[in-house]
Amino acid sequence: MSYVSRGFRGRRREEGPSDRIPPGQYLVDDFPVLSAGPTPRTPLDQWDFSITGAVAEPKRWTWDEFRALPSETITKDIHCVTKWSKLGTEWEGVSVDTLFEDVETSAEYVTQFSDGGYTTNVPLEDILDGKAWVAFGYGGEPLDPEHGGPARMLVPHLYFWKSAKWVRGLRLMDDDEPGFWETLGYHNYGDPWREQRYWGD
Amino acid sequence: MARAAILGRLAPVRWQLGDVVELVEETPRVKTIALDLPDWLGHRAGQHVDVRLTAEDGYQAQRSYSIASAPENDRLAITVERLDDGEVSPYLAEELVVGDKLELRGPIGGYFAWDADDGGPLLLVGGGSGVVPLMSMLRHRAARRSQVSARLLYSARSLDDVIYRQELERLATDNLEVLYTLTRAQPPGWTGYARRVDKDMLEEVAFGGDHGIAFVCGPTRFVEAVADGLLAVGYAPERVKTERFGPTGG
């Protein structure tokens, strides 16, 4: 049992469906921004998305090729390690399964890499089988640069730092390699339902 | 210090109880809470902590707050702005009294952090209570008697909203320039900046040469504008470190 904070009752103002709000999180209606540096702005004619690393044949899509892939509308709850959760966010994106259709690999891990140098690592199985997308639209509009546009990862079952903004590709890895925040003390896996925020959680 | 910081990072980030030993009203909306933390392993200037409040029925709420004190200080201090629709900040700013305990864990975040050994020149740009982690850096700089050239550009609504004003006056030296921009109200005879931070202002305030390193903290809109402005002035993206907070910071 934690120390009881004398006189604290809590506002519980936004208690939504409790089976959708992980421990330690609170609901927001707006969409807070969190990033460690300036917002990169890569022109679409210089943008590409690649699958590299431990793969028989690397893949690369230009923006036009990427946008020609089948895409879908995804409605998901998202959870940021800074404690906010947002329910029912609506995205437009390409399933990672679509990108992996012709990819042969024995790798078990993936590093997402982004403009601006950001990286984050996930087990490969966590982005396959309908669990992850490369999103280019939000709320019916093109994805805003400060939220990761032109395209960002969407891995909604993990804390949102595991969904890289400004993503430019996936590097397949035989061995797990901690990414940017994972190296700086954040949890290597980041399951919000087990409240895996930091090392040791 | 460095060793403590490394130990702090390798160890699990455990919840611990601190004793509230002093409360300082910085402005009508902003309070500093100083804590004795027996198990604290040290921090780097710029890092934050998670604070957790627990109600009698077990309900909990957590929020993050920047550390205001220097790593060299005996006590850990956080500075909290009361948000009217917040859940945690009104409790911290109004209910908490000296003698209470407060549960927290940290330090958290190792990127938005500056050590005197990192060098400079050091440009700090803060909006509102975004000055808090920058103050930790300036206190650390002073405690280490660092000669690194530093400038603080601090955007506040009015002079009365400026946090740490007297201490900033004391800290200012030949090597540390403190500049204010007052965006809503200025006292009679004010000769400083009186507008939102823009590219022209950053051009005047930024260091020349290779510019050194910049830390920007404040509300999202503020940080976006300042970070874009610093790139326009010639700062390299990897030398501009940002920390944003939204109105939902609680």
# chains A, B, ... in the order shown; residues from 1 in each chain; ligands from 1

call {"tool": "interface_residues", "arguments": {"of": "chain B", "to": "chain A", "cutoff": "9 Å", "atoms": "only C-alpha atoms", "output": "CSV table (one decimal) with N, CA and C atoms, in the first residue's frame"}}
result
chain,number,residue,atom,x,y,z
B,9,ARG,N,20.9,6.1,-12.9
B,9,ARG,CA,20.4,5.6,-14.2
B,9,ARG,C,20.3,4.0,-14.2
B,10,LEU,N,21.3,3.4,-13.6
B,10,LEU,CA,21.4,2.0,-13.7
B,10,LEU,C,20.4,1.3,-12.8
B,11,ALA,N,20.1,2.0,-11.7
B,11,ALA,CA,19.2,1.4,-10.7
B,11,ALA,C,17.8,1.5,-11.1
B,12,PRO,N,16.9,0.6,-10.7
B,12,PRO,CA,15.5,0.7,-11.0
B,12,PRO,C,15.0,2.0,-10.4
B,13,VAL,N,14.0,2.6,-11.0
B,13,VAL,CA,13.5,3.9,-10.6
B,13,VAL,C,12.4,3.6,-9.5
B,14,ARG,N,12.8,3.6,-8.3
B,14,ARG,CA,11.8,3.2,-7.2
B,14,ARG,C,11.1,4.3,-6.6
B,17,LEU,N,9.7,8.1,-0.4
B,17,LEU,CA,8.9,9.1,0.4
B,17,LEU,C,9.9,10.2,0.8
B,50,ASP,N,8.6,11.8,-11.2
B,50,ASP,CA,7.2,11.5,-11.2
B,50,ASP,C,6.7,11.6,-9.7
B,52,ARG,N,3.5,10.9,-7.1
B,52,ARG,CA,2.3,10.1,-7.0
B,52,ARG,C,1.5,10.5,-5.8
B,53,LEU,N,0.2,10.8,-6.0
B,53,LEU,CA,-0.7,11.0,-4.8
B,53,LEU,C,-1.6,9.9,-4.7
B,54,THR,N,-1.9,9.5,-3.4
B,54,THR,CA,-2.8,8.4,-3.1
B,54,THR,C,-3.9,8.8,-2.2
B,55,ALA,N,-5.2,8.6,-2.6
B,55,ALA,CA,-6.3,8.9,-1.7
B,55,ALA,C,-6.6,7.8,-0.8
B,56,GLU,N,-7.4,8.0,0.3
B,56,GLU,CA,-7.6,7.0,1.3
B,56,GLU,C,-8.1,5.7,0.7
B,57,ASP,N,-8.9,5.8,-0.3
B,57,ASP,CA,-9.5,4.6,-0.9
B,57,ASP,C,-8.6,3.9,-1.9
B,58,GLY,N,-7.4,4.4,-2.0
B,58,GLY,CA,-6.4,3.8,-2.9
B,58,GLY,C,-6.3,4.4,-4.3
B,59,TYR,N,-7.2,5.3,-4.6
B,59,TYR,CA,-7.1,6.0,-5.9
B,59,TYR,C,-5.8,6.8,-6.0
B,60,GLN,N,-5.2,6.7,-7.2
B,60,GLN,CA,-3.9,7.3,-7.3
B,60,GLN,C,-3.9,8.2,-8.6
B,61,ALA,N,-3.1,9.3,-8.5
B,61,ALA,CA,-2.8,10.1,-9.7
B,61,ALA,C,-1.3,10.4,-9.7
B,62,GLN,N,-0.8,10.4,-10.9
B,62,GLN,CA,0.7,10.6,-11.1
B,62,GLN,C,0.8,11.8,-12.1
B,63,ARG,N,1.9,12.6,-11.9
B,63,ARG,CA,2.3,13.6,-12.9
B,63,ARG,C,3.8,13.8,-12.8
B,64,SER,N,4.3,14.4,-13.9
B,64,SER,CA,5.8,14.6,-13.9
B,64,SER,C,6.1,16.1,-13.6
B,86,GLY,N,-6.5,21.3,-13.0
B,86,GLY,CA,-5.6,20.2,-12.8
B,86,GLY,C,-6.0,19.3,-11.6
B,87,GLU,N,-5.4,18.1,-11.5
B,87,GLU,CA,-5.8,17.2,-10.4
B,87,GLU,C,-4.7,17.2,-9.4
B,88,VAL,N,-3.5,17.2,-9.8
B,88,VAL,CA,-2.3,17.0,-8.9
B,88,VAL,C,-1.8,18.4,-8.5
B,91,TYR,N,-3.4,20.3,-5.5
B,91,TYR,CA,-3.1,19.7,-4.2
B,91,TYR,C,-1.7,20.1,-3.8
B,95,GLU,N,-2.7,22.4,-0.8
B,95,GLU,CA,-3.0,21.5,0.3
B,95,GLU,C,-1.8,21.1,1.1
B,96,LEU,N,-0.7,20.9,0.4
B,96,LEU,CA,0.5,20.4,1.0
B,96,LEU,C,1.1,21.4,2.0
B,100,ASP,N,4.3,17.3,5.8
B,100,ASP,CA,3.7,16.3,5.0
B,100,ASP,C,4.8,15.5,4.3
B,101,LYS,N,4.4,14.3,3.9
B,101,LYS,CA,5.3,13.5,3.0
B,101,LYS,C,4.8,13.5,1.6
B,102,LEU,N,5.7,13.3,0.7
B,102,LEU,CA,5.4,13.3,-0.7
B,102,LEU,C,6.1,12.1,-1.4
B,103,GLU,N,5.3,11.3,-2.2
B,103,GLU,CA,5.8,10.2,-2.8
B,103,GLU,C,6.3,10.5,-4.2
B,108,ILE,N,14.3,11.1,-13.9
B,108,ILE,CA,13.8,10.6,-15.1
B,108,ILE,C,14.2,11.5,-16.3
B,109,GLY,N,14.6,10.9,-17.4
B,109,GLY,CA,14.9,11.7,-18.6
B,109,GLY,C,16.4,12.1,-18.5
B,110,GLY,N,17.2,11.6,-19.4
B,110,GLY,CA,18.6,12.0,-19.4
B,110,GLY,C,19.0,12.8,-20.6
B,111,TYR,N,18.1,13.2,-21.5
B,111,TYR,CA,18.5,13.9,-22.7
B,111,TYR,C,18.4,15.4,-22.5
B,112,PHE,N,17.4,15.9,-21.9
B,112,PHE,CA,17.2,17.3,-21.6
B,112,PHE,C,18.0,17.6,-20.3
B,216,VAL,N,15.3,24.4,-24.7
B,216,VAL,CA,14.1,25.1,-24.8
B,216,VAL,C,13.0,24.3,-24.1
B,220,THR,N,3.8,23.6,-25.7
B,220,THR,CA,4.1,23.1,-27.0
B,220,THR,C,4.3,24.2,-28.1
B,223,VAL,N,7.5,26.0,-27.7
B,223,VAL,CA,8.7,25.2,-28.0
B,223,VAL,C,8.8,25.0,-29.5
B,224,GLU,N,7.7,24.8,-30.2
B,224,GLU,CA,7.8,24.6,-31.6
B,224,GLU,C,8.3,25.9,-32.3
B,226,VAL,N,10.1,28.4,-31.0
B,226,VAL,CA,11.5,28.7,-30.6
B,226,VAL,C,12.5,27.7,-31.3
B,227,ALA,N,12.1,26.4,-31.3
B,227,ALA,CA,13.0,25.5,-31.9
B,227,ALA,C,13.1,25.7,-33.4
B,228,ASP,N,12.0,26.0,-34.1
B,228,ASP,CA,12.1,26.4,-35.5
B,228,ASP,C,12.9,27.6,-35.7
B,230,LEU,N,15.4,28.8,-33.9
B,230,LEU,CA,16.8,28.5,-33.6
B,230,LEU,C,17.4,27.8,-34.9
B,231,LEU,N,16.7,26.9,-35.5
B,231,LEU,CA,17.2,26.3,-36.7
B,231,LEU,C,17.3,27.4,-37.8
B,237,PRO,N,20.2,21.0,-35.6
B,237,PRO,CA,19.0,20.3,-34.9
B,237,PRO,C,19.5,19.5,-33.7
B,238,GLU,N,20.6,18.8,-33.8
B,238,GLU,CA,21.0,18.0,-32.7
B,238,GLU,C,21.5,18.8,-31.5
B,239,ARG,N,21.7,20.1,-31.7
B,239,ARG,CA,22.2,20.9,-30.5
B,239,ARG,C,21.0,21.7,-29.9
B,240,VAL,N,19.8,21.4,-30.4
B,240,VAL,CA,18.6,22.1,-29.8
B,240,VAL,C,17.8,21.0,-29.1
B,241,LYS,N,17.8,21.1,-27.7
B,241,LYS,CA,17.1,20.1,-26.9
B,241,LYS,C,15.8,20.7,-26.4
B,242,THR,N,14.8,19.9,-26.5
B,242,THR,CA,13.5,20.5,-26.1
B,242,THR,C,12.7,19.7,-25.1
B,243,GLU,N,11.9,20.3,-24.3
B,243,GLU,CA,11.0,19.7,-23.4
B,243,GLU,C,9.7,20.5,-23.5
B,244,ARG,N,8.6,19.8,-23.8
B,244,ARG,CA,7.3,20.4,-24.0
B,244,ARG,C,6.4,20.0,-22.9
B,245,PHE,N,5.5,20.9,-22.5
B,245,PHE,CA,4.4,20.4,-21.7
B,245,PHE,C,3.1,21.1,-22.2
B,246,GLY,N,2.1,20.3,-22.1
B,246,GLY,CA,0.8,20.9,-22.5
B,246,GLY,C,-0.1,21.3,-21.4
B,247,PRO,N,-1.2,21.9,-21.7
B,247,PRO,CA,-2.1,22.4,-20.6
B,247,PRO,C,-2.7,21.2,-19.8
B,248,THR,N,-2.5,20.0,-20.3
B,248,THR,CA,-3.0,18.8,-19.6
B,248,THR,C,-2.0,18.3,-18.6
B,249,GLY,N,-0.9,19.0,-18.4
B,249,GLY,CA,0.1,18.5,-17.5
B,249,GLY,C,-0.4,18.2,-16.1

call {"tool": "select_by_dssp", "arguments": {"residues": "segment 100-181 of chain B", "states": "alpha helix (DSSP H)", "output": "PyMOL selection string"}}
result
chain B and resi 131-143+165-171

call {"tool": "select_by_dssp", "arguments": {"residues": "chain A", "states": "strand (DSSP E)", "output": "PyMOL selection string"}}
result
chain A and resi 26-27+48-53+59-62+72-79+84-95+109-114+119-123+133-138+141-142+152-154+167-173

call {"tool": "residues_around", "arguments": {"residues": "segment 127-143 of chain A", "least_positions_apart": "5", "cutoff": "6 Å", "atoms": "only C-alpha atoms", "output": "compact mmCIF listing (two decimals) with C-alpha atoms, in the first residue's frame"}}
result
# COMPACT_ATOMS: atom_id res chain seq x y z
CA GLU A 90 -8.56 7.61 -35.64
CA TRP A 91 -5.66 7.07 -38.01
CA GLU A 92 -5.09 6.30 -41.66
CA GLY A 93 -2.14 4.07 -42.41
CA VAL A 94 -0.48 1.13 -44.08
CA SER A 95 -0.35 -2.08 -42.06
CA VAL A 96 3.17 -3.28 -41.34
CA ASP A 97 1.94 -6.67 -42.57
CA GLY A 149 4.06 13.68 -40.18
CA PRO A 150 4.45 12.92 -42.96
CA ALA A 151 4.40 9.41 -41.47
CA ARG A 152 4.84 7.83 -38.07
CA MET A 153 4.65 4.38 -36.59
CA LEU A 154 1.49 3.39 -34.75
CA VAL A 155 2.07 0.58 -32.25

call {"tool": "residues_around", "arguments": {"residues": "Thr111 of chain A", "least_positions_apart": "2", "cutoff": "9 Å", "atoms": "only C-alpha atoms", "output": "ChimeraX atom specification"}}
result
/A:109,113,119-123,169-173,176-179

call {"tool": "write_last_selection", "arguments": {"atoms": "C-alpha atoms", "output": "PDB file, in the first residue's frame"}}
result
ATOM      1  CA  TYR A 109      13.860  -7.520 -33.307  1.00  0.00           C
ATOM      2  CA  PHE A 113      14.478   4.881 -37.246  1.00  0.00           C
ATOM      3  CA  THR A 119      15.218   5.285 -32.711  1.00  0.00           C
ATOM      4  CA  THR A 120      13.086   2.853 -30.747  1.00  0.00           C
ATOM      5  CA  ASN A 121      13.229  -0.931 -30.523  1.00  0.00           C
ATOM      6  CA  VAL A 122      10.450  -3.527 -30.494  1.00  0.00           C
ATOM      7  CA  PRO A 123      10.276  -7.290 -30.929  1.00  0.00           C
ATOM      8  CA  GLY A 169      12.236   2.792 -41.894  1.00  0.00           C
ATOM      9  CA  LEU A 170      12.608  -0.418 -39.960  1.00  0.00           C
ATOM     10  CA  ARG A 171      15.976  -2.049 -39.329  1.00  0.00           C
ATOM     11  CA  LEU A 172      15.695  -5.785 -38.717  1.00  0.00           C
ATOM     12  CA  MET A 173      18.009  -7.015 -35.987  1.00  0.00           C
ATOM     13  CA  ASP A 176      17.761  -6.512 -29.444  1.00  0.00           C
ATOM     14  CA  GLU A 177      19.300  -3.038 -29.260  1.00  0.00           C
ATOM     15  CA  PRO A 178      17.838  -0.367 -26.952  1.00  0.00           C
ATOM     16  CA  GLY A 179      16.788   2.806 -28.767  1.00  0.00           C
TER      17      GLY A 179
END

call {"tool": "residues_around", "arguments": {"residues": "Arg157 of chain B", "least_positions_apart": "5", "cutoff": "12 Å", "atoms": "only C-alpha atoms", "output": "PyMOL selection string"}}
result
chain B and resi 127-129+162-163+180-187+193-197

call {"tool": "residues_around", "arguments": {"residues": "Glu204 of chain B", "least_positions_apart": "3", "cutoff": "12 Å", "atoms": "only C-alpha atoms", "output": "PyMOL selection string"}}
result
chain B and resi 123+151+153+179+193+197-201+207-208+229-230+233

call {"tool": "residues_around", "arguments": {"residues": "Gln166 of chain B", "least_positions_apart": "4", "cutoff": "12 Å", "atoms": "only C-alpha atoms", "output": "PyMOL selection string"}}
result
chain B and resi 26-27+159-160+162+170-172+178

call {"tool": "write_last_selection", "arguments": {"atoms": "C-alpha atoms", "output": "PDB file, in the first residue's frame"}}
result
ATOM      1  CA  GLU B  26       7.287  32.071  -6.093  1.00  0.00           C
ATOM      2  CA  THR B  27       4.262  33.786  -7.654  1.00  0.00           C
ATOM      3  CA  LEU B 159       6.995  40.763 -14.356  1.00  0.00           C
ATOM      4  CA  ASP B 160       4.822  39.413 -11.523  1.00  0.00           C
ATOM      5  CA  VAL B 162       8.482  35.732 -13.390  1.00  0.00           C
ATOM      6  CA  ARG B 170      21.841  37.586  -8.130  1.00  0.00           C
ATOM      7  CA  LEU B 171      23.075  34.917 -10.533  1.00  0.00           C
ATOM      8  CA  ALA B 172      23.486  37.279 -13.493  1.00  0.00           C
ATOM      9  CA  VAL B 178      19.244  37.109 -18.154  1.00  0.00           C
TER      10      VAL B 178
END
